[in-house]
Each structure stands twice: as C-alpha cells, then as structure tokens.
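Trainee: Below is the file target13.csv, with CSV, C-alpha atoms.
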```
chain,number,residue,atom,x,y,z
A,14,MET,CA,65.8,106.0,133.4
A,15,THR,CA,66.0,104.1,136.7
A,16,LEU,CA,69.2,102.4,137.8
A,17,GLU,CA,68.5,98.8,138.9
A,18,LEU,CA,70.7,97.7,141.8
A,19,SER,CA,71.5,94.2,142.7
A,20,ALA,CA,71.1,92.9,146.2
A,21,GLY,CA,74.9,93.2,146.6
A,22,ASP,CA,74.8,96.8,145.3
A,23,GLN,CA,72.0,97.7,147.7
A,24,SER,CA,73.8,96.2,150.7
A,25,MET,CA,76.9,98.3,149.9
A,26,LEU,CA,74.8,101.4,149.5
A,27,ASP,CA,73.0,100.7,152.9
A,28,GLY,CA,76.3,100.6,154.7
A,29,GLU,CA,76.5,96.9,155.4
A,30,HIS,CA,80.1,96.9,154.2
A,31,GLY,CA,81.2,100.0,156.0
A,32,ARG,CA,80.6,103.7,155.6
A,33,ALA,CA,83.5,104.2,153.1
A,34,VAL,CA,82.1,101.6,150.8
A,35,ALA,CA,78.6,103.2,151.2
A,36,ALA,CA,80.1,106.6,150.2
A,37,ALA,CA,81.8,105.1,147.2
A,38,MET,CA,78.6,103.4,146.1
A,39,LYS,CA,76.6,106.5,146.6
A,40,ILE,CA,78.9,108.4,144.3
A,41,LEU,CA,78.9,105.6,141.8
A,42,VAL,CA,75.1,105.5,141.8
A,43,ALA,CA,74.9,109.2,141.2
A,44,PHE,CA,77.4,109.0,138.3
A,45,SER,CA,75.5,106.0,136.8
A,46,ASN,CA,72.2,107.9,136.9
A,47,ALA,CA,73.9,110.9,135.3
A,48,VAL,CA,75.2,108.9,132.3
A,49,GLY,CA,72.0,106.9,131.9
A,50,ALA,CA,73.2,103.5,132.9
A,51,ARG,CA,70.5,101.0,133.7
A,52,LYS,CA,72.5,98.7,135.9
A,53,LEU,CA,76.0,98.1,137.2
A,54,LEU,CA,78.4,95.3,136.2
A,55,ASP,CA,81.3,93.4,137.8
A,56,ILE,CA,84.8,94.5,136.9
A,57,ALA,CA,88.0,92.4,137.0
A,58,GLY,CA,90.3,95.3,137.8
A,59,ALA,CA,90.8,99.0,138.1
A,60,HIS,CA,93.5,101.6,137.3
A,61,ILE,CA,93.5,104.8,139.4
A,62,ASP,CA,94.5,108.1,137.9
A,63,GLY,CA,94.2,110.1,141.1
A,64,CYS,CA,97.8,109.7,142.5
A,65,LEU,CA,99.0,112.9,140.9
A,66,TYR,CA,98.6,115.6,143.5
A,67,HIS,CA,96.5,118.5,142.2
A,68,GLY,CA,95.4,119.9,145.6
A,69,GLN,CA,94.1,119.1,149.1
A,70,ALA,CA,90.7,117.7,147.8
A,71,SER,CA,92.3,114.7,146.2
A,72,LEU,CA,94.2,113.8,149.4
A,73,ASP,CA,91.1,114.4,151.6
A,74,PHE,CA,89.0,112.1,149.4
A,75,VAL,CA,91.4,109.2,149.7
A,76,GLU,CA,92.1,109.7,153.4
A,77,ARG,CA,88.4,109.8,154.2
A,78,LEU,CA,88.1,106.3,152.6
A,79,ILE,CA,91.0,105.1,154.7
A,80,GLU,CA,89.3,106.4,157.8
A,81,GLY,CA,86.2,104.4,156.8
A,82,GLY,CA,88.3,101.2,156.9
A,83,CYS,CA,87.8,100.4,153.3
A,84,ARG,CA,90.0,98.6,150.8
A,85,VAL,CA,89.7,98.0,147.1
A,86,ARG,CA,87.7,94.9,146.1
A,87,VAL,CA,89.5,94.1,142.8
A,88,PRO,CA,93.2,94.2,141.7
A,89,THR,CA,93.9,97.9,141.4
A,90,THR,CA,96.9,99.5,139.8
A,91,LEU,CA,98.1,103.1,140.3
A,92,ASN,CA,99.0,105.7,137.7
A,93,VAL,CA,101.9,108.0,138.0
A,94,GLY,CA,102.2,110.3,141.0
A,95,SER,CA,104.0,113.7,141.4
A,96,PHE,CA,107.1,112.2,142.9
A,97,ASP,CA,109.7,109.5,142.1
A,98,LEU,CA,109.8,107.5,145.3
A,99,ILE,CA,112.7,105.3,144.0
A,100,HIS,CA,114.8,108.2,142.9
A,101,PRO,CA,113.8,111.0,145.3
A,102,GLY,CA,116.9,113.1,144.5
A,103,LEU,CA,115.7,113.7,140.9
A,104,VAL,CA,112.6,115.7,141.8
A,105,LYS,CA,113.0,119.4,142.5
A,106,MET,CA,110.0,120.2,144.7
A,107,PRO,CA,109.6,122.4,147.8
A,108,PRO,CA,108.6,120.6,151.0
A,109,ALA,CA,105.1,122.2,150.9
A,110,GLN,CA,104.4,120.3,147.7
A,111,GLU,CA,106.5,117.2,148.3
A,112,VAL,CA,104.9,116.2,151.6
A,113,PRO,CA,101.3,116.0,150.3
A,114,ALA,CA,102.5,114.5,147.0
A,115,ARG,CA,104.2,111.6,148.8
A,116,ARG,CA,101.3,111.3,151.2
A,117,LEU,CA,98.8,110.9,148.4
A,118,MET,CA,100.8,108.2,146.7
A,119,LYS,CA,101.2,106.2,149.9
A,120,ALA,CA,97.6,106.8,150.9
A,121,HIS,CA,96.4,104.8,147.9
A,122,LEU,CA,98.6,101.9,149.1
A,123,LYS,CA,96.7,101.8,152.4
A,124,LEU,CA,93.6,101.2,150.3
A,125,GLY,CA,95.1,98.0,149.0
A,126,CYS,CA,96.2,99.4,145.6
A,127,GLN,CA,99.3,98.0,143.9
A,128,ALA,CA,102.4,100.2,143.9
A,129,THR,CA,102.7,100.2,140.2
A,130,PHE,CA,102.8,104.0,139.7
A,131,THR,CA,102.8,103.6,135.9
A,132,CYS,CA,100.7,105.1,133.1
A,133,ALA,CA,101.2,101.8,131.3
A,134,PRO,CA,99.5,99.1,133.6
A,135,TYR,CA,99.2,96.9,130.5
A,136,GLN,CA,103.0,96.3,130.8
A,137,THR,CA,102.5,94.8,134.3
A,138,ARG,CA,101.3,91.4,135.5
A,139,PHE,CA,97.9,93.1,135.9
A,140,ARG,CA,97.3,93.3,132.2
A,141,PRO,CA,93.6,92.5,131.5
A,142,GLY,CA,92.4,89.9,128.9
A,143,PHE,CA,90.3,90.3,125.8
A,144,GLY,CA,86.7,91.1,126.7
A,145,GLU,CA,87.3,91.7,130.4
A,146,GLN,CA,85.4,94.5,132.1
A,147,ILE,CA,87.7,97.0,133.8
A,148,ALA,CA,87.5,100.5,135.2
A,149,TRP,CA,90.6,102.5,134.1
A,150,GLY,CA,91.7,106.1,134.3
A,151,GLU,CA,94.6,107.6,132.3
A,152,SER,CA,93.8,108.3,128.7
A,153,ASN,CA,96.6,106.3,127.0
A,154,ALA,CA,95.9,103.2,129.2
A,155,ILE,CA,92.2,103.4,128.4
A,156,VAL,CA,92.7,103.5,124.6
A,157,PHE,CA,95.3,100.8,124.7
A,158,ALA,CA,93.1,98.5,126.8
A,159,ASN,CA,90.1,99.0,124.6
A,160,SER,CA,91.9,99.0,121.2
A,161,VAL,CA,95.0,96.8,121.4
A,162,ILE,CA,93.8,94.3,124.1
A,163,GLY,CA,90.1,94.4,123.5
A,164,ALA,CA,89.3,94.8,127.2
A,165,ARG,CA,86.4,97.1,128.0
A,166,THR,CA,86.4,100.4,129.9
A,167,ASN,CA,85.1,103.9,129.6
A,168,ARG,CA,87.2,107.0,130.2
A,169,TYR,CA,87.0,107.2,134.0
A,170,GLY,CA,88.2,110.3,135.8
A,171,ASP,CA,89.6,110.8,139.2
A,172,PHE,CA,87.4,109.6,142.1
A,173,ILE,CA,85.0,107.6,139.9
A,174,ASP,CA,87.7,105.1,139.0
A,175,LEU,CA,88.5,104.6,142.7
A,176,CYS,CA,84.8,104.3,143.5
A,177,CYS,CA,84.6,101.4,141.0
A,178,ALA,CA,87.6,99.8,142.6
A,179,MET,CA,86.1,100.1,146.1
A,180,THR,CA,82.9,98.5,145.0
A,181,GLY,CA,84.1,96.2,142.3
A,182,ARG,CA,81.3,97.6,140.1
A,183,ALA,CA,81.0,100.0,137.2
A,184,PRO,CA,78.0,101.4,135.3
A,185,ALA,CA,76.9,99.3,132.3
A,186,TRP,CA,77.1,102.0,129.6
A,187,GLY,CA,79.4,103.2,126.8
A,188,LEU,CA,82.3,101.1,125.8
A,189,HIS,CA,81.4,98.4,128.3
A,190,LEU,CA,78.6,97.3,126.0
A,191,SER,CA,79.2,95.5,122.6
A,192,GLU,CA,76.7,97.7,120.7
A,193,ASN,CA,78.7,100.8,121.5
A,194,ARG,CA,82.0,99.5,120.3
A,195,ARG,CA,81.4,99.6,116.5
A,196,GLY,CA,83.4,102.0,114.4
A,197,GLN,CA,81.8,105.2,113.3
A,198,ILE,CA,84.3,107.2,111.2
A,199,LEU,CA,86.7,105.8,108.6
A,200,PHE,CA,90.3,107.0,108.1
A,201,GLU,CA,91.9,105.7,104.9
A,202,LEU,CA,95.7,106.0,104.5
A,203,THR,CA,96.5,106.7,100.9
A,204,GLY,CA,99.9,106.0,99.5
A,205,SER,CA,102.7,103.8,100.6
A,206,PHE,CA,103.9,104.0,104.2
A,207,GLU,CA,106.8,102.3,106.1
A,208,PRO,CA,105.9,101.3,109.6
A,209,ALA,CA,108.1,103.9,111.2
A,210,ASP,CA,107.4,105.0,114.8
A,211,ALA,CA,106.6,108.6,113.7
A,212,LEU,CA,103.9,107.3,111.3
A,213,PHE,CA,101.9,105.8,114.2
A,214,VAL,CA,102.3,109.0,116.2
A,215,GLY,CA,101.2,111.1,113.2
A,216,VAL,CA,98.2,108.9,112.5
A,217,GLY,CA,97.1,109.2,116.1
A,218,LEU,CA,97.4,113.0,116.1
A,219,VAL,CA,95.3,113.2,112.9
A,220,ILE,CA,92.5,110.9,114.0
A,221,GLY,CA,92.4,112.4,117.5
A,222,GLN,CA,91.8,115.9,116.1
A,223,ALA,CA,89.2,114.7,113.5
A,224,SER,CA,87.2,112.0,115.4
A,225,GLY,CA,85.5,114.1,118.0
A,226,ASP,CA,83.5,111.7,120.2
A,227,ARG,CA,83.2,109.1,117.4
A,228,ILE,CA,85.1,105.8,117.2
A,229,PRO,CA,87.7,105.8,114.4
A,230,VAL,CA,88.5,102.9,112.1
A,231,ILE,CA,91.9,103.0,110.3
A,232,SER,CA,92.4,101.2,107.0
A,233,GLY,CA,95.7,101.0,105.2
A,234,LEU,CA,97.9,101.1,108.3
A,235,PRO,CA,101.0,99.0,107.9
A,236,GLN,CA,101.5,96.1,110.3
A,237,PRO,CA,103.2,97.5,113.4
A,238,ARG,CA,106.6,96.2,114.5
A,239,ASP,CA,105.2,95.7,118.0
A,240,GLU,CA,102.5,96.9,120.3
A,241,ASP,CA,104.5,99.9,121.3
A,242,GLN,CA,103.8,101.5,118.0
A,243,LEU,CA,100.0,101.0,118.6
A,244,LYS,CA,100.6,102.4,122.1
A,245,ALA,CA,102.1,105.6,120.6
A,246,LEU,CA,99.1,105.9,118.1
A,247,GLY,CA,96.6,105.6,120.9
A,248,ALA,CA,98.3,108.0,123.2
A,249,ALA,CA,98.5,110.6,120.5
A,250,ALA,CA,94.8,110.1,119.6
A,251,ALA,CA,93.8,110.4,123.2
A,252,THR,CA,95.9,113.5,123.6
A,253,THR,CA,94.6,115.6,120.6
A,254,GLY,CA,91.1,114.2,121.0
A,255,ALA,CA,88.7,112.1,123.2
A,256,VAL,CA,89.5,108.8,121.5
A,257,ALA,CA,89.0,105.9,123.9
A,258,LEU,CA,88.8,103.1,121.3
A,259,PHE,CA,90.1,102.8,117.7
A,260,HIS,CA,90.0,99.9,115.3
A,261,ALA,CA,92.9,99.3,112.9
A,262,VAL,CA,91.7,96.9,110.1
A,263,GLY,CA,93.6,93.6,110.1
A,264,ILE,CA,95.6,94.6,113.2
A,265,THR,CA,93.4,95.2,116.3
A,266,PRO,CA,91.3,92.3,117.8
A,267,GLU,CA,87.8,93.7,117.0
A,268,ALA,CA,88.6,94.7,113.4
A,269,LYS,CA,89.8,91.6,111.5
A,270,THR,CA,87.9,93.1,108.5
A,271,LEU,CA,86.4,96.5,107.7
A,272,ASP,CA,83.0,95.0,108.0
A,273,GLU,CA,83.7,93.7,111.4
A,274,ALA,CA,85.0,97.0,112.6
A,275,PHE,CA,81.8,98.7,111.5
A,276,ARG,CA,79.5,95.8,112.6
A,277,GLY,CA,78.1,95.7,109.0
A,278,MET,CA,77.1,99.4,109.0
A,279,ALA,CA,78.4,102.2,106.8
A,280,PRO,CA,80.8,104.8,108.2
A,281,GLU,CA,79.3,108.1,109.1
A,282,ALA,CA,82.2,109.8,107.2
A,283,THR,CA,85.4,108.9,105.4
A,284,ILE,CA,88.6,110.9,105.8
A,285,ARG,CA,91.7,110.2,103.7
A,286,ILE,CA,95.1,110.7,105.2
A,287,CYS,CA,98.1,111.3,102.9
A,288,ARG,CA,101.7,111.7,103.7
A,289,GLY,CA,101.4,115.5,103.8
A,290,ASP,CA,98.8,115.2,106.6
A,291,ILE,CA,101.2,113.1,108.6
A,292,ASP,CA,104.1,115.4,108.0
A,293,GLN,CA,102.2,118.4,109.0
A,294,ALA,CA,100.8,116.9,112.2
A,295,LEU,CA,104.3,115.9,113.2
A,296,ALA,CA,105.8,119.3,112.3
A,297,ASN,CA,103.3,120.9,114.6
A,298,LEU,CA,104.9,119.1,117.5
A,299,SER,CA,108.2,120.9,117.1
A,300,SER,CA,108.9,124.6,118.0
A,301,VAL,CA,112.5,124.6,116.9
A,302,PRO,CA,114.3,123.9,113.6
A,303,ASP,CA,116.9,121.2,112.9
A,304,GLY,CA,120.3,122.2,114.2
A,305,ALA,CA,119.0,123.9,117.4
A,306,PRO,CA,121.3,123.3,120.4
A,307,LEU,CA,119.9,120.5,122.6
A,308,ALA,CA,119.5,120.6,126.4
A,309,ALA,CA,118.0,117.1,127.0
A,310,VAL,CA,116.1,114.2,125.6
A,311,SER,CA,113.0,112.8,127.3
A,312,LEU,CA,111.6,109.4,126.3
A,313,GLY,CA,108.8,107.2,127.7
A,314,THR,CA,105.5,109.0,127.6
A,315,PRO,CA,103.6,106.6,127.9
A,316,HIS,CA,106.2,104.7,130.0
A,317,PHE,CA,109.0,102.9,128.2
A,318,SER,CA,108.5,99.1,127.8
A,319,HIS,CA,111.2,96.6,128.2
A,320,GLU,CA,111.3,96.2,124.4
A,321,GLU,CA,111.8,99.9,123.9
A,322,TRP,CA,114.6,99.9,126.4
A,323,MET,CA,116.3,97.2,124.5
A,324,ARG,CA,116.1,99.2,121.3
A,325,LEU,CA,117.4,102.3,123.0
A,326,LEU,CA,120.3,100.6,124.7
A,327,ALA,CA,121.4,98.9,121.5
A,328,MET,CA,121.4,102.3,119.7
A,329,LEU,CA,123.3,104.0,122.6
A,330,ARG,CA,126.0,101.3,122.6
A,331,GLU,CA,126.5,101.8,118.9
A,332,VAL,CA,126.4,105.6,118.9
A,333,ALA,CA,127.9,106.2,122.4
A,334,PRO,CA,126.8,109.8,123.0
A,335,GLY,CA,129.6,111.7,124.7
A,336,ARG,CA,128.4,115.3,124.8
A,337,GLY,CA,126.8,115.2,128.2
A,338,ILE,CA,123.2,115.5,126.9
A,339,PRO,CA,121.0,113.9,129.6
A,340,ILE,CA,118.6,111.3,128.3
A,341,TYR,CA,115.6,110.9,130.7
A,342,VAL,CA,113.6,107.8,130.3
A,343,ASN,CA,110.2,107.5,132.1
A,344,THR,CA,109.4,103.9,132.9
A,345,GLY,CA,107.4,101.7,135.2
A,346,ARG,CA,108.8,100.2,138.4
A,347,ALA,CA,108.3,96.6,137.1
A,348,THR,CA,110.2,97.4,133.9
A,349,PHE,CA,112.9,99.2,135.8
A,350,LYS,CA,113.5,96.3,138.2
A,351,ARG,CA,113.6,93.8,135.4
A,352,LEU,CA,116.3,95.9,133.7
A,353,GLN,CA,118.3,96.1,136.9
A,354,ASP,CA,118.0,92.3,137.5
A,355,GLU,CA,119.2,91.7,133.9
A,356,GLY,CA,122.2,94.1,134.4
A,357,GLU,CA,121.1,96.2,131.4
A,358,LEU,CA,121.5,99.5,133.3
A,359,ASP,CA,125.0,98.8,134.6
A,360,ASP,CA,126.5,101.2,132.0
A,361,ALA,CA,123.6,103.7,132.1
A,362,GLN,CA,125.8,106.6,133.5
A,363,LYS,CA,128.2,106.2,130.6
A,364,PHE,CA,125.4,107.2,128.2
A,365,ASN,CA,124.0,109.9,130.5
A,366,LEU,CA,120.9,107.8,130.9
A,367,ILE,CA,118.6,108.9,133.8
A,368,PRO,CA,115.8,106.5,134.5
A,369,VAL,CA,112.7,108.1,136.0
A,370,THR,CA,110.0,106.0,137.7
A,371,ASP,CA,106.7,106.6,139.5
A,372,THR,CA,106.1,109.9,137.6
A,373,CYS,CA,106.8,111.6,134.3
A,374,THR,CA,109.0,114.5,133.3
A,375,TYR,CA,106.2,116.6,131.8
A,376,VAL,CA,104.1,116.5,135.0
A,377,THR,CA,106.7,117.2,137.7
A,378,SER,CA,110.0,119.0,138.0
A,379,VAL,CA,112.8,116.6,137.1
A,380,LEU,CA,114.7,118.1,134.1
A,381,GLU,CA,117.8,120.0,135.1
A,382,ARG,CA,117.2,122.7,132.5
A,383,LEU,CA,114.0,124.2,131.4
A,384,ASP,CA,115.5,127.0,129.3
A,385,GLY,CA,116.7,124.9,126.4
A,386,VAL,CA,115.4,122.5,123.8
A,387,VAL,CA,114.2,119.0,124.8
A,388,MET,CA,113.8,116.3,122.2
A,389,THR,CA,111.3,113.5,122.5
A,390,ASN,CA,109.8,110.7,120.4
A,391,SER,CA,106.5,111.0,122.2
A,392,GLY,CA,103.6,112.8,120.6
A,393,LYS,CA,102.0,113.1,124.1
A,394,TRP,CA,105.1,114.6,125.7
A,395,ALA,CA,105.6,117.0,122.8
A,396,HIS,CA,101.9,118.1,123.0
A,397,TYR,CA,101.8,118.7,126.8
A,398,ALA,CA,105.3,119.7,127.9
A,399,PRO,CA,105.4,123.3,126.5
A,400,GLY,CA,102.3,124.2,128.5
A,401,ASN,CA,103.1,122.2,131.5
A,402,ILE,CA,106.8,122.9,132.1
A,403,GLY,CA,107.6,125.7,129.6
A,404,VAL,CA,110.2,123.9,127.4
A,405,SER,CA,110.8,124.2,123.7
A,406,VAL,CA,110.3,120.8,122.0
A,407,ALA,CA,111.7,119.0,119.1
A,408,PHE,CA,110.0,115.8,118.0
A,409,GLY,CA,111.7,112.9,116.3
A,410,ASP,CA,112.0,109.2,116.0
A,411,LEU,CA,113.9,107.3,118.7
A,412,GLU,CA,116.9,107.1,116.3
A,413,ASP,CA,116.7,110.9,115.8
A,414,CYS,CA,116.7,111.4,119.6
A,415,VAL,CA,119.8,109.2,120.0
A,416,ARG,CA,121.7,110.9,117.1
A,417,SER,CA,120.7,114.3,118.4
A,418,ALA,CA,122.1,113.5,121.9
A,419,ALA,CA,125.3,112.4,120.3
A,420,ALA,CA,125.5,115.6,118.2
A,421,GLY,CA,124.4,118.0,120.9
A,422,ARG,CA,121.9,119.5,118.5
A,423,VAL,CA,118.6,118.6,116.9
A,424,VAL,CA,119.2,116.1,114.0
A,425,ARG,CA,116.3,114.5,112.2
A,426,GLY,CA,116.4,112.1,109.3
A,427,ALA,CA,113.9,111.8,106.5
A,428,ARG,CA,110.6,110.1,107.4
```
Re-express the file's structure as structure tokens.
Mentor:
Amino acid sequence: MTLELSAGDQSMLDGEHGRAVAAAMKILVAFSNAVGARKLLDIAGAHIDGCLYHGQASLDFVERLIEGGCRVRVPTTLNVGSFDLIHPGLVKMPPAQEVPARRLMKAHLKLGCQATFTCAPYQTRFRPGFGEQIAWGESNAIVFANSVIGARTNRYGDFIDLCCAMTGRAPAWGLHLSENRRGQILFELTGSFEPADALFVGVGLVIGQASGDRIPVISGLPQPRDEDQLKALGAAAATTGAVALFHAVGITPEAKTLDEAFRGMAPEATIRICRGDIDQALANLSSVPDGAPLAAVSLGTPHFSHEEWMRLLAMLREVAPGRGIPIYVNTGRATFKRLQDEGELDDAQKFNLIPVTDTCTYVTSVLERLDGVVMTNSGKWAHYAPGNIGVSVAFGDLEDCVRSAAAGRVVRGAR
C-alpha cells in the first residue's frame, strides 16, 4: 500500500521547512507505511508523552529537533515529567538523574509545547472537541479523548506523537477513521449497581483484561456522577489492557443506543459482568487486609480534577484527620493554580495534604516512606505502584482513603 503525500507533506519531507521538520516527517512517513495508512490528515492538537526521562535517547531526540530550529505546528500539551518543577523539594533524586530529567522537560518548552505537565490534558483549556482529529500519547488521556469527548486519536507512543506535533499531521488509520470506531465486544452488567467510584474502576479493570484489541461496549452501566468516574473507568481499562476507546450505552457520545455503538452490526462476543466479578477485580488491587497500619495515601492518577479536589476537601474538613498520615494528591498545574487562587489550599497543611504537580508519585520518588502501606482510590496507581516503587497497596473509594488517613489504618466500607 502506497502512502499518498500532499504537496505540503512533500515540501516538509524535502526539507523546505527545515531539517528538523524533514526528520519528523521522514519518521512519520515510515510509521504510516508500517501501519498501512494511505494518507495523512490534519490534526488540531497533540499531547506528548515523552517528558518522562527514561534515558539519554529521549533527551537526544528532542534536543536534535531544537538544534534544527523547529517548533510544533499545533497546540501541544505535555504529559508528566520525572520532576515536580513547582515543588522541587518533594522529589528525592540524585543530581545525575535530576539534571537530565529537568532538562528534558524544559527542552520540550523550547519546541513551543505548553507547560501543562499533566496526564489529564482534557482538564485544561486545550481540551479538544467532538470529532476533532488529534495525536495524543498517554493511555488514560487517549481513552478519555476517544470515549468521553468523542475526539479521535490512536495510541501514539514517544517520538511519534512529537513528530505529529512538529508536522501537524497524523496517519489516517485506526481510530481516526469512522469505520474503525464501532464496538466489537459487548459487556453486560447484570444486577443492580450504585454509581460508586469503585464500580467504574472495577468495570474498567474487567473490560481491559477481556477486550484484547477489540473495542468494548458497556450496557447497564449506571449514569456516572461526573466525568471523573468515566476517567477512572478508562484509565483502568487502558492499564489492564490496550483499550483506547470504549462505548457506554446511553452515556458516551457515540453510543446513544446499543445499535449506534455497534453501527448496526452484531457483537463478536458478549460477556456478562456480575458484582462478584467487580469485587474480585478490586480485591486483586490490594495486597494488605483491612486494619493494616497506613503509611500514606496517594490520590490523583490520572491527575485530580477541580471537582475531585472539592469532594476531598469537604471530606477532610468534616473528618479532620489528625494522625499525621500524609495525603499526596497528584494534580495538574492549571488545577493547582485555580485552587490557590480560590484559597482552597490555605488549610492544606492542617490535613497533611501534599499537592504534587508535574509528575506522579508512582513514577518518581516523592513518598517519604516506601516500607509501609499506601492507600489509593486509583486503579491505575494500585496496578503500577508495587512494581514501580515497591510499596504495598490498599485500594478503596475516596471516602475509604480519607477515613483510613484519620484512623491511621486501612478502613474500607461495604461497596
């Protein structure tokens, strides 16, 4: 299959816009040929997942583009990095790691990217609209954009997302195309479920494990309280599987009905989810029993929204934890600044609240103690943290996390 290039594409490839743009287009053309795309399409924005320092190659790639005098051609947000540039004292990192980590984050700014440093770009002013073509990295952001907003992106990895941003183009394949967005596998919730946060996490875990590379459709899901519950579902599904798009019948924009979700076709398979399936999936996130002594709480993976902060602060002001259990809350810069401007964080120290921006506690060394139990309401954090930073994890709803911080031990209510 031959990739057809527009005159603009060819001019970039020929170096008429500089050698950095030519290099980006050369990589994008090779990638497009590899996935079988027939042409490229314009994108309205990009989200770059390569700010997290994994080694010298990532820094070399970005700095080579800077040397070529290139800048991004579309609004481009940045995912989390390895360092909290706003609260540098929080991160425990030797200079040999800190210097390149900071350098990588700042290098992306020289390319014209926005200093968002958040895994939830949909919480910023750069949120795309329904049907907009974008090129996003970061698994939770991708599944949220496709599913909850109805924007269009594939799962773009490091370097390819930046090449799309540098050229303003992406390969016309996969989820960019309407014919590839129909549901393929049906998940039916059986029984009665309250729209608790843990339910959405549990459903995400189950569909992620069972979907493979197929697009899941969920029926019987209760109406969510807010989009943060759908955020949690998508993040869990993208963590335990390769889900980049899900349809929830009567909830998400491309699934007003079951027939619309499947585009009039029959599902390839149907899987029924009962309460026992949800409970088991959630139980698998915890490695400690109720009553275990608690070292810390970590919230906000994906990054805490303003609405989640308001729920948390209301709970803390009612419960008033006083046992010194730190509550780390990962959040985006824009959300953090808004909270500061509103004065909502003026009493944060009283509740042992520790806001973390620009990064996340499961990817960099922020937690004071790694030898104890950390409680979280995030399926993604609970899945990755044991392997990444070596902690024992207890999963629970936000209410469970707050009550546990107050008690100094793991306390979980009935779901």
Trainee: Between atom CA of A:Ser95 and atom CA of A:Thr131, what distance in Å does the model show, to one decimal?
Mentor: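 Result for atom CA of A:Ser95 versus atom CA of A:Thr131: 11.6 Å, one decimal.
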Trainee: Would you mind listing what lies within 8 Å of A:Val369 as a PyMOL selection string, with all atoms listed in the file counted and same-chain residues fewer than 5 positions away left out?
Mentor: chain A and resi 97+100+341-344+374
Trainee: Could you save the residues just selected, with C-alpha atoms, as a PDB file, keeping the file's coordinate frame?
Mentor:
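Dumped to part_23.pdb:
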```pdb
ATOM      1  CA  ASP A  97     109.700 109.500 142.100  1.00  0.00           C
ATOM      2  CA  HIS A 100     114.800 108.200 142.900  1.00  0.00           C
ATOM      3  CA  TYR A 341     115.600 110.900 130.700  1.00  0.00           C
ATOM      4  CA  VAL A 342     113.600 107.800 130.300  1.00  0.00           C
ATOM      5  CA  ASN A 343     110.200 107.500 132.100  1.00  0.00           C
ATOM      6  CA  THR A 344     109.400 103.900 132.900  1.00  0.00           C
ATOM      7  CA  THR A 374     109.000 114.500 133.300  1.00  0.00           C
TER       8      THR A 374
END
```
Trainee: I need the residue nearest A:Thr389 from this list: A:Gly125, A:Val214, A:Asp272, A:Phe364. Use all atoms listed in the file for the distance.
Mentor: A:Val214
Trainee: Distance atom CA of A:Ile264-atom CA of A:Pro237, one decimal place?
Mentor: 8.1 Å
Trainee: Which residue is closest to A:Met118? Choose from A:Gly49, A:Gly187, A:Gly150, A:Gly63 and count all atoms listed in the file.
Mentor: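 Among A:Gly49, A:Gly187, A:Gly150, A:Gly63, it is A:Gly63 that comes nearest to A:Met118.
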Trainee: Contacts of A:Asn167 at 12 Å or less, counting only C-alpha atoms, minus same-chain residues fewer than 5 places along, as JSON, numbers by chain?
Mentor: {"A": [48, 56, 59, 60, 146, 147, 148, 149, 150, 151, 152, 154, 155, 156, 157, 158, 159, 160, 173, 174, 177, 183, 184, 185, 186, 187, 188, 189, 190, 193, 194, 255, 256, 257, 258]}
Trainee: Have a look at atom CA of A:Arg288 and atom CA of A:Glu321 and let me know their distance in Å, one decimal.
Mentor: 25.5 Å
Trainee: Taking (77.7, 95.7, 148.1) in the file's own coordinates, collect the residues within 10 Å, counting only C-alpha atoms, and hand them back as number ranges by chain.
Mentor: A: 18-31, 34-35, 38, 179-182
Trainee: Now that the selection is made, can you save its residues with C-alpha atoms as a CSV table (one decimal), in the frame of the given file?
Mentor:
```csv
chain,number,residue,atom,x,y,z
A,18,LEU,CA,70.7,97.7,141.8
A,19,SER,CA,71.5,94.2,142.7
A,20,ALA,CA,71.1,92.9,146.2
A,21,GLY,CA,74.9,93.2,146.6
A,22,ASP,CA,74.8,96.8,145.3
A,23,GLN,CA,72.0,97.7,147.7
A,24,SER,CA,73.8,96.2,150.7
A,25,MET,CA,76.9,98.3,149.9
A,26,LEU,CA,74.8,101.4,149.5
A,27,ASP,CA,73.0,100.7,152.9
A,28,GLY,CA,76.3,100.6,154.7
A,29,GLU,CA,76.5,96.9,155.4
A,30,HIS,CA,80.1,96.9,154.2
A,31,GLY,CA,81.2,100.0,156.0
A,34,VAL,CA,82.1,101.6,150.8
A,35,ALA,CA,78.6,103.2,151.2
A,38,MET,CA,78.6,103.4,146.1
A,179,MET,CA,86.1,100.1,146.1
A,180,THR,CA,82.9,98.5,145.0
A,181,GLY,CA,84.1,96.2,142.3
A,182,ARG,CA,81.3,97.6,140.1
```
Trainee: Per residue of stretch 174-242 of chain A within 12 Å of stretch 404-419 of chain A, note the shortest atom pair and the distance in Å to one decimal, counting all atoms listed in the file, and order the rows by chain and increasing residue number, as JSON lines.
Mentor:
```
{"residue": "A:Pro208", "atom": "CA", "partner": "A:Asp410", "partner_atom": "CA", "distance": 11.9}
{"residue": "A:Ala209", "atom": "CA", "partner": "A:Asp410", "partner_atom": "CA", "distance": 8.1}
{"residue": "A:Asp210", "atom": "CA", "partner": "A:Asp410", "partner_atom": "CA", "distance": 6.3}
{"residue": "A:Ala211", "atom": "CA", "partner": "A:Asp410", "partner_atom": "CA", "distance": 5.9}
{"residue": "A:Leu212", "atom": "CA", "partner": "A:Asp410", "partner_atom": "CA", "distance": 9.6}
{"residue": "A:Phe213", "atom": "CA", "partner": "A:Asp410", "partner_atom": "CA", "distance": 10.8}
{"residue": "A:Val214", "atom": "CA", "partner": "A:Asp410", "partner_atom": "CA", "distance": 9.7}
{"residue": "A:Gly215", "atom": "CA", "partner": "A:Phe408", "partner_atom": "CA", "distance": 11.1}
{"residue": "A:Gln242", "atom": "CA", "partner": "A:Asp410", "partner_atom": "CA", "distance": 11.4}
```
Trainee: Of the candidates A:Asp371, A:Glu201, A:Glu80, A:Glu355, which shows the shortest atom-to-atom distance to A:Val262, using only C-alpha atoms?
Mentor: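 Nearest candidate to A:Val262 out of A:Asp371, A:Glu201, A:Glu80, A:Glu355: A:Glu201.
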Trainee: Determine, using all atoms listed in the file, which residues of stretch 121-213 of chain A have any atom at most 9 Å from an atom of stretch 218-225 of chain A, and tabulate each with its shortest atom pair and distance in Å to one decimal place, rows ordered by chain and then rising number, as JSON lines.
Mentor:
```
{"residue": "A:Gln197", "atom": "CA", "partner": "A:Ser224", "partner_atom": "CA", "distance": 8.9}
{"residue": "A:Ile198", "atom": "CA", "partner": "A:Ser224", "partner_atom": "CA", "distance": 7.0}
{"residue": "A:Phe200", "atom": "CA", "partner": "A:Ile220", "partner_atom": "CA", "distance": 7.4}
{"residue": "A:Phe213", "atom": "CA", "partner": "A:Leu218", "partner_atom": "CA", "distance": 8.7}
```
Trainee: With C-alpha atoms retained, write the just-selected residues as a PDB file, in the frame of the given file.
Mentor:
```pdb
ATOM      1  CA  GLN A 197      81.800 105.200 113.300  1.00  0.00           C
ATOM      2  CA  ILE A 198      84.300 107.200 111.200  1.00  0.00           C
ATOM      3  CA  PHE A 200      90.300 107.000 108.100  1.00  0.00           C
ATOM      4  CA  PHE A 213     101.900 105.800 114.200  1.00  0.00           C
TER       5      PHE A 213
END
```
Trainee: Nearest to A:Ala274 among A:Gly304, A:Lys350, A:Phe317, A:Ser191, with distances taken over all atoms listed in the file: which residue is it?
Mentor: A:Ser191
Trainee: For A:Leu117, which of A:Thr252, A:Gln353, A:Asn92, A:Thr137 is the closest residue, counting only C-alpha atoms?
Mentor: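 The answer is A:Asn92, which sits nearest to A:Leu117.
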